Amino acid sequence: MEVQGLTVEFPTEDGLVRAVRGVDMHIAEGEVLGIVGESGSGKSVTALATMRLLPKRAQVSGQVLFEGRDLLTLSDRAMRGVRGSDIAMIFQDPMTALNPVFTVGEQIVEMIRAHAPVGKPLAWKRTVELLDLVGISEPSRRARQYPHEFSGGMRQRAMIAMAVANRPKLLIADEPTTALDVTIQAQVMEVITEVQKAVGSALLLITHDLGLVAGIAHRVQVMYAGRVFENGATDEIFYRSVNPYTKGLLRSIPRLDAKEKTRLYTIPGLPPSGLSRNEACPFRPRCEFADAVCGTVPELVEVVPGHQSRCHHTQEVSM
Amino acid sequence: MSGPLLVVADLVTHFPIKAGLFRRVVGHVRAVDGVSFHLDSGETVGVVGESGCGKSTLGRSVLRLVEPDDGVVAFKGEDVLSVDKTRMRELRREMQMVFQDPFASLNPRLPVRDTVAEPLIIHGTAKQEARQKADELLEAVGMRPEHGNRYPHEFSGGQRQRVGIARALALDPSVVILDEPVSALDVSIQSQVINLLDDLQHRFGFAYLFIAHDLSVVRHVSDRMLVMYLGKVVEAASRADVYDSPAHPYTHALLSAVPVADPGVERKRKRIVLEGDLPNPGSPPTGCRFRTRCPIAHELCAIETPPAVDVANGHMVACHFPIERGETLLDRVAQLGRSVGVIGG
Amino acid sequence: MTDTRHVSAIDDSIETEARSFGRQVWDRFRRHKLAVLAAVVLVVLTVSFWVAPALSPYEFDEITPDFRQPPTAAHPFGTDDIGRDLLVRTFMGGRFSIRIALLVALSTTLIGTLLGAVAGYFGGWIDALVSQIINMVLLVPALAILLVLALKWGSSPWSISIVLAALLWTRIARVVRGLFLQYKEQEFVMAARSAGARSGRIMFRHILPNVMGPVVVETTLLVGTAIILESTLSFLGLGVQFPTPTLGNLVAEAKGAIDSNPYRVLLPGSFVMLITLSINFLGDGLRDALDPSSGGGRT
């Protein structure tokens with residue numbers, strides 16, 4: 001999938017909120033791409049825009065190329081064919097994504113039969129296999145239960161099973177473990193990566209947790225105020241970041257393995273509002289490198305092959 | 001100082017489970033079930049655990065925002081649980097709380113200055129003076145006093161949490177209970193609030209009881225830590241011991257489940273994946289409550305509840321078979337000839 | 001020196017606060033064009049109900065020789081069966097109707113809020129008791145009770161108001177109880193408790209302002225309901241009795257004349273409609289205006 005110049009705007013009472021401001025993104029077959037950002041960075045809106053799941057009032061422009069087709073220009077019907085079959089999504093809250101009045105098994109069967117001409121018995125058999133694959137014990141009994149009979153971690157597993165039911169080429173996971181406890185989070189992340197390898201799909205992992213992407217992403221894209229601020233291989237971003245925002249973010253997380261009780265680095269101030277019309281670099285008011293040059297938004301430029309950063313002061317930052 | 005500031009001993013808080021047409025009590029959730037710890041002035045004790053472990057109830061029980069069923073909470077030697085209403089109101093000046101949700105914890109209909117001034121007014125300060133003090137407090141937590149006229153919805157999550165902190169400081173308490181104070185905040189804002197709390201502690205000498213689910217954050221701020229599981233403290237140790245020589249298998253599993261923002265470390269380390277879900281706190285397992293998910297559980301664990309034992313200089317562990325210093329949980333699992341889910345390594 | 005300057009700065013800020021809160025409410029209210037219009041209509045109507053009869057050459061119970069007149073220059077609203085001027089009777093009727101409605105709305109709001117708040121906040125047996133009373137009042141057929149009570153205690157504007165209030169307070173009480181149940185679990189309430197606030201302060205300073213919006217709406221709806229119920233009672237002949245006019249009994253009296261002089265029904269009828277509609281719009285506007293998070297107060 002390749003995204004070019006994606007822009008998403010929402011008209012509101014207070015004016016036009018520019019949630020995503022020209023995002024380029026590509027993800028190769030089988031690749032794990034982590035999109036990292038804080039709330040309001042536009043990371044989730046980007047994902048929803050590529051799936052065309054945003055509310056009607058959202059104004060979306062740009063291109064989302066998937067196997068040569070622009071998803072933004074497809075008919076609604078063709079798009080329904082893509083969703084759940086070529087691209088599938090795992091949401092943060094499985095309770096809202098699963099329908100409470102159908103059994104978990106019925107919902108997965110439905111998902112399979114919506115995209116392939118499979119008979120009910122065969123689809124049911126496949127459903128039980130899928131639940132087994134995501135580590136749900138006694139899958140044939142569990143398939144007959146309703147979502148409310150599942151614990152939070154199990155619901156998330158069921159949703160993963162549903163997402164991979166049609167062996168999608170791309171799996172989008174939007175904060176898949178944010179609502180879960182840390183030992184359950186470990187279970188679910190293990191399931192996601194294993195299933196992703198088993199099915200051979202690419203994984204787009206959207207999260208605010210830098211620790212989560214450190215372990216599994218091949219490449220990381222850092223977003224701030226609706227724009228990509230840095231993009232590169234995971235090690236490049238974590239060890240050789242040349243962007244003041246990324247660097248600040250990495251230094252402001254308390255490390256579990258820290259020896260001494262040290263003071264955290266802080267990025268002062270607040271992220272800008274989505275309403276902002278300011279033509280300056282959005283990170284300027286919070287940045288220690290900021291000067292007069294930062295009165296314009298910098299371009300995303302290549303620092304070393306495969307590693308881009310959006311900053312006027314790449315040289316100083318990298319030192 | 002003679003003795004610790006706050007001593008909590010064998011604290012028990014149960015919630016009735018009601019069911020049926022007549023809301024009959026059919027059982028109890030033992031949210032806090034025999035917790036003991038102490039807090040010295042100027043220090044931070046962290047409480048960490050997953051949902052349902054009772055950490056929030058613990059904080060609320062200490063302040064009697066929920067009434068504990070049994071045990072002792074002694075503040076400067078005075079039994080908080082047996083004092084009358086009037087004395088309790090005075091004691092509240094000394095122990096304040098910062099809540100998790102910066103949206104729900106501020107009254108939407110009060111300008112933030114009034115919210116901060118409110119505790120002072122309740123305790124008899126004149127309105128004018130209370131508002132003046134509120135402005136100073138807002139400044140102390142890094143906000144501009146002229147923002148005092150504004151309503152909570154006009155602020156970001158981090159700013160609201162600052163207001164919540166200012167309110168807790170208004171009565172100049174000696175103990176501040178922080179219930180998930182940063183978990184609703186973004187990373188860059190979280191570090192601002194953590195540092196603010198640190199500065200305020202240095203400036204005013206508060207003792208903090210810092211309750212959170214995020215082990216990295218709790219370890220960062222704490223001098224000592226309590227690890228809770230289903231209403232019980234399974235391990236209590238200094239911040240160094242918790243990480244360097246954890247003794248309880250649950251602490252091992254918890255440490256190992258937390259992702260570290262360092263790809264090199266993540267690639268190298270083996271992460272244990274515990275099986276199963278947290279048991280229902282309404283009907284916890286017999287004996288050791290962790291045994292159903294413990295990779296090294298033994299028959300004894302189902303029969304006998306392990307007592308808290310001091311393994312080294314106040315490092316307390318409630319486990320029949322604690323992991324030794326220098327040993328890992330994986331070593332023990334291998335030694336027993338068992339297996340456990342592992343990622344990486 | 002510095003001290004006094006500091007204090008004066010605080011004074012300023014408090015003054016700006018008072019002004020800015022008032023202005024915020026006004027700004028938000030002003031954006032609600034219909035509510036502003038409704039407020040104007042209500043003021044004009046109310047003033048006219050008190051002023052117009054004084055200016056009229058007739059008394060409201062004065063019998064003139066011109067009976068059953070259609071609207072004429074001398075009697076713009078016509079006259080009734082025994083020759084009383086309908087203009088002055090309609091405006092006097094409006095006066096009594098508004099008086100009854102306000103009395104009912106204010107007393108039910110007071111009783112309902114108090115009982116609802118106490119039940120929701122304290123729970124337990126207090127809640128059980130209040131809830132049982134509410135259920136009992138809701139279960140009895142309101143109109144039947146009204147009929148009986150009106151027959152027993154006669155029908156002065158006062159007694160009608162008391163009877164209506166006794167039946168209608170449950171609506172407010174239920175709303176307030178539900179909101180108190182919901183709000184007492186909120187963390188800001190717990191924060192007030194942990195600061196040492198007493199129950200009364202928590203209920204009235206912390207929770208009550210948060211429930212004012214829905215209560216205002218409910219109260220305005222009650223004003224409408226009271227006017228209509230009073231009209232219904234009058235129509236059934238059990239409302240306020242002659243010669244005291246209300247909008248309701250004017251319509252009731254006119255029912256025989258609907259063919260010969262439809263204005264006798266339409267004029268007081270449209271006053272009833274105008275008042276109830278305006279009050280509902282006013283309630284909507286007030287609810288939004290009192291909510292600091294509804295925007296528009298600050299730019």
# chains A, B, ... in the order shown; residues from 1 in each chain; ligands from 1
$ interface_residues --of "chain C" --to "chain B" --cutoff "8 Å" --atoms "only C-alpha atoms" --output "number ranges by chain"
C: 10, 13, 17, 186-197, 206, 209-210, 291-293
$ interface_residues --of "chain A" --to "chain C" --cutoff "12 Å" --atoms "only C-alpha atoms" --output "ChimeraX atom specification"
/A:13-15
$ write_last_selection --atoms "N, CA and C atoms" --output "JSON list (two decimals), in the first residue's frame"
[["chain", "number", "residue", "atom", "x", "y", "z"],
["A", 13, "GLU", "N", -17.75, 23.61, 14.37],
["A", 13, "GLU", "CA", -18.31, 24.92, 14.70],
["A", 13, "GLU", "C", -17.22, 25.97, 14.82],
["A", 14, "ASP", "N", -16.03, 25.53, 15.30],
["A", 14, "ASP", "CA", -14.96, 26.50, 15.54],
["A", 14, "ASP", "C", -14.10, 26.73, 14.30],
["A", 15, "GLY", "N", -14.37, 26.00, 13.22],
["A", 15, "GLY", "CA", -13.57, 26.15, 12.02],
["A", 15, "GLY", "C", -13.12, 24.79, 11.53]]
$ interface_residues --of "chain B" --to "chain A" --cutoff "7 Å" --atoms "only C-alpha atoms" --output "PyMOL selection string"
chain B and resi 50-51+186-188+191-192+195+216-217+219-220+254+257-263+266-267+273-274+343
$ select_by_dssp --residues "range 102-288 of chain B" --states "alpha helix (DSSP H)" --output "PyMOL selection string"
chain B and resi 112-122+127-140+157-169+187-204+215-221+239-244+249-257+263-268
$ residues_around --residues "Gln161 in chain B" --least-positions-apart "2" --cutoff "8 Å" --atoms "only C-alpha atoms" --output "PyMOL selection string"
chain B and resi 102+157-159+163-165+181+193
$ atom_distance --atom1 "CA of Arg155 in chain A" --atom2 "CA of Val104 in chain A"
8.8 Å
$ atom_distance --atom1 "CA of Ser56 in chain C" --atom2 "CA of Ala252 in chain C"
23.3 Å
$ atom_distance --atom1 "CA of Ser201 in chain A" --atom2 "CA of Met51 in chain A"
16.0 Å
$ decode --residues "range 42-190 of chain B" --atoms "C-alpha atoms" --output "short mmCIF file (atom, residue, chain, number, x, y, z; two decimals), in the first residue's frame"
data_model
loop_
_atom_site.label_atom_id
_atom_site.label_comp_id
_atom_site.auth_asym_id
_atom_site.auth_seq_id
_atom_site.Cartn_x
_atom_site.Cartn_y
_atom_site.Cartn_z
CA GLY B 42 9.19 12.88 52.13
CA GLU B 43 9.36 9.45 50.52
CA THR B 44 7.43 7.90 47.66
CA VAL B 45 5.93 4.46 47.89
CA GLY B 46 4.68 3.09 44.59
CA VAL B 47 1.79 0.66 44.27
CA VAL B 48 1.66 -1.29 41.05
CA GLY B 49 -0.67 -3.96 39.76
CA GLU B 50 -3.16 -4.83 37.07
CA SER B 51 -6.87 -4.06 37.02
CA GLY B 52 -8.77 -5.66 39.87
CA CYS B 53 -5.70 -5.90 42.10
CA GLY B 54 -7.23 -3.42 44.53
CA LYS B 55 -4.65 -0.66 44.24
CA SER B 56 -7.19 2.14 43.77
CA THR B 57 -9.37 0.78 46.56
CA LEU B 58 -6.30 0.73 48.77
CA GLY B 59 -5.75 4.46 48.22
CA ARG B 60 -9.39 5.26 48.83
CA SER B 61 -9.54 3.08 51.93
CA VAL B 62 -6.60 4.88 53.51
CA LEU B 63 -8.53 8.16 53.13
CA ARG B 64 -11.80 6.51 54.18
CA LEU B 65 -13.40 7.50 50.90
CA VAL B 66 -14.54 3.90 51.05
CA GLU B 67 -14.86 2.42 54.52
CA PRO B 68 -12.42 -0.41 55.22
CA ASP B 69 -13.82 -3.45 57.01
CA ASP B 70 -10.81 -4.25 59.13
CA GLY B 71 -7.24 -3.30 59.87
CA VAL B 72 -5.39 -0.22 61.01
CA VAL B 73 -4.55 3.06 59.31
CA ALA B 74 -2.41 5.11 61.67
CA PHE B 75 -1.44 8.66 60.77
CA LYS B 76 1.25 10.05 63.09
CA GLY B 77 0.23 7.38 65.57
CA GLU B 78 -3.50 8.21 65.48
CA ASP B 79 -5.93 5.51 64.35
CA VAL B 80 -7.69 7.09 61.38
CA LEU B 81 -10.35 4.39 61.14
CA SER B 82 -11.74 4.97 64.63
CA VAL B 83 -11.89 8.77 64.80
CA ASP B 84 -15.24 10.58 64.68
CA LYS B 85 -16.51 12.70 61.79
CA THR B 86 -15.20 15.99 63.11
CA ARG B 87 -11.70 14.70 63.71
CA MET B 88 -11.75 12.94 60.34
CA ARG B 89 -12.50 16.24 58.67
CA GLU B 90 -9.42 17.72 60.34
CA LEU B 91 -7.33 14.71 59.38
CA ARG B 92 -8.32 15.16 55.74
CA ARG B 93 -6.18 18.30 55.68
CA GLU B 94 -3.18 16.07 56.18
CA MET B 95 -3.99 13.48 53.54
CA GLN B 96 -5.05 14.51 50.08
CA MET B 97 -5.67 12.75 46.82
CA VAL B 98 -5.04 13.33 43.12
CA PHE B 99 -7.38 11.39 40.87
CA GLN B 100 -6.78 9.55 37.63
CA ASP B 101 -9.28 11.10 35.32
CA PRO B 102 -8.55 14.79 34.79
CA PHE B 103 -11.94 15.09 33.08
CA ALA B 104 -14.12 13.61 35.80
CA SER B 105 -12.18 14.88 38.78
CA LEU B 106 -12.86 18.58 38.23
CA ASN B 107 -16.32 20.05 38.67
CA PRO B 108 -17.33 21.20 35.16
CA ARG B 109 -19.40 24.08 36.58
CA LEU B 110 -16.68 25.63 38.73
CA PRO B 111 -13.95 27.91 37.42
CA VAL B 112 -10.63 26.23 38.24
CA ARG B 113 -9.66 28.90 40.77
CA ASP B 114 -12.76 28.05 42.79
CA THR B 115 -11.95 24.35 42.51
CA VAL B 116 -8.50 24.95 43.98
CA ALA B 117 -9.83 27.34 46.62
CA GLU B 118 -12.64 24.97 47.65
CA PRO B 119 -10.68 22.87 50.19
CA LEU B 120 -9.47 26.08 51.86
CA ILE B 121 -12.98 27.51 52.05
CA ILE B 122 -14.28 24.23 53.49
CA HIS B 123 -11.68 24.51 56.23
CA GLY B 124 -12.65 28.04 57.09
CA THR B 125 -10.39 30.31 55.08
CA ALA B 126 -12.08 33.53 53.97
CA LYS B 127 -13.11 33.53 50.32
CA GLN B 128 -10.84 36.37 49.26
CA GLU B 129 -7.82 34.86 50.94
CA ALA B 130 -8.60 31.38 49.61
CA ARG B 131 -8.72 32.69 46.07
CA GLN B 132 -5.45 34.49 46.50
CA LYS B 133 -3.88 31.29 47.80
CA ALA B 134 -5.44 29.41 44.86
CA ASP B 135 -3.67 31.74 42.45
CA GLU B 136 -0.36 31.05 44.16
CA LEU B 137 -1.04 27.31 43.96
CA LEU B 138 -1.91 27.51 40.28
CA GLU B 139 1.38 29.28 39.75
CA ALA B 140 3.22 26.61 41.77
CA VAL B 141 1.92 23.90 39.43
CA GLY B 142 2.97 25.88 36.37
CA MET B 143 -0.27 27.56 35.37
CA ARG B 144 -0.99 31.20 34.84
CA PRO B 145 -3.17 32.67 37.60
CA GLU B 146 -5.21 34.61 35.04
CA HIS B 147 -6.44 31.24 33.80
CA GLY B 148 -8.20 30.79 37.13
CA ASN B 149 -11.45 32.18 35.75
CA ARG B 150 -11.66 29.49 33.14
CA TYR B 151 -13.66 26.29 33.27
CA PRO B 152 -12.15 22.79 33.13
CA HIS B 153 -13.27 22.12 29.55
CA GLU B 154 -11.08 24.95 28.34
CA PHE B 155 -7.91 23.10 29.38
CA SER B 156 -5.98 20.12 28.05
CA GLY B 157 -5.68 16.89 30.02
CA GLY B 158 -2.25 17.78 31.37
CA GLN B 159 -3.38 21.22 32.50
CA ARG B 160 -6.42 19.76 34.24
CA GLN B 161 -4.21 17.31 36.05
CA ARG B 162 -2.12 20.29 37.22
CA VAL B 163 -5.29 21.85 38.59
CA GLY B 164 -6.09 18.58 40.38
CA ILE B 165 -2.61 18.61 41.91
CA ALA B 166 -2.98 22.25 42.99
CA ARG B 167 -6.24 21.35 44.73
CA ALA B 168 -4.58 18.48 46.58
CA LEU B 169 -1.79 20.78 47.76
CA ALA B 170 -4.12 23.55 48.93
CA LEU B 171 -4.39 22.30 52.50
CA ASP B 172 -0.65 21.72 52.76
CA PRO B 173 -1.01 17.99 53.45
CA SER B 174 1.81 15.72 54.53
CA VAL B 175 0.58 12.70 52.56
CA VAL B 176 -0.63 12.87 48.97
CA ILE B 177 -2.21 9.80 47.42
CA LEU B 178 -1.78 9.83 43.66
CA ASP B 179 -4.22 7.46 41.95
CA GLU B 180 -3.01 6.89 38.38
CA PRO B 181 -2.09 10.58 38.07
CA VAL B 182 -0.47 10.33 34.65
CA SER B 183 -2.07 7.35 32.94
CA ALA B 184 -4.59 9.46 31.02
CA LEU B 185 -1.85 11.71 29.65
CA ASP B 186 0.28 11.63 26.51
CA VAL B 187 3.95 10.72 26.83
CA SER B 188 5.31 14.26 26.50
CA ILE B 189 2.78 15.61 28.99
CA GLN B 190 3.26 12.66 31.33
#
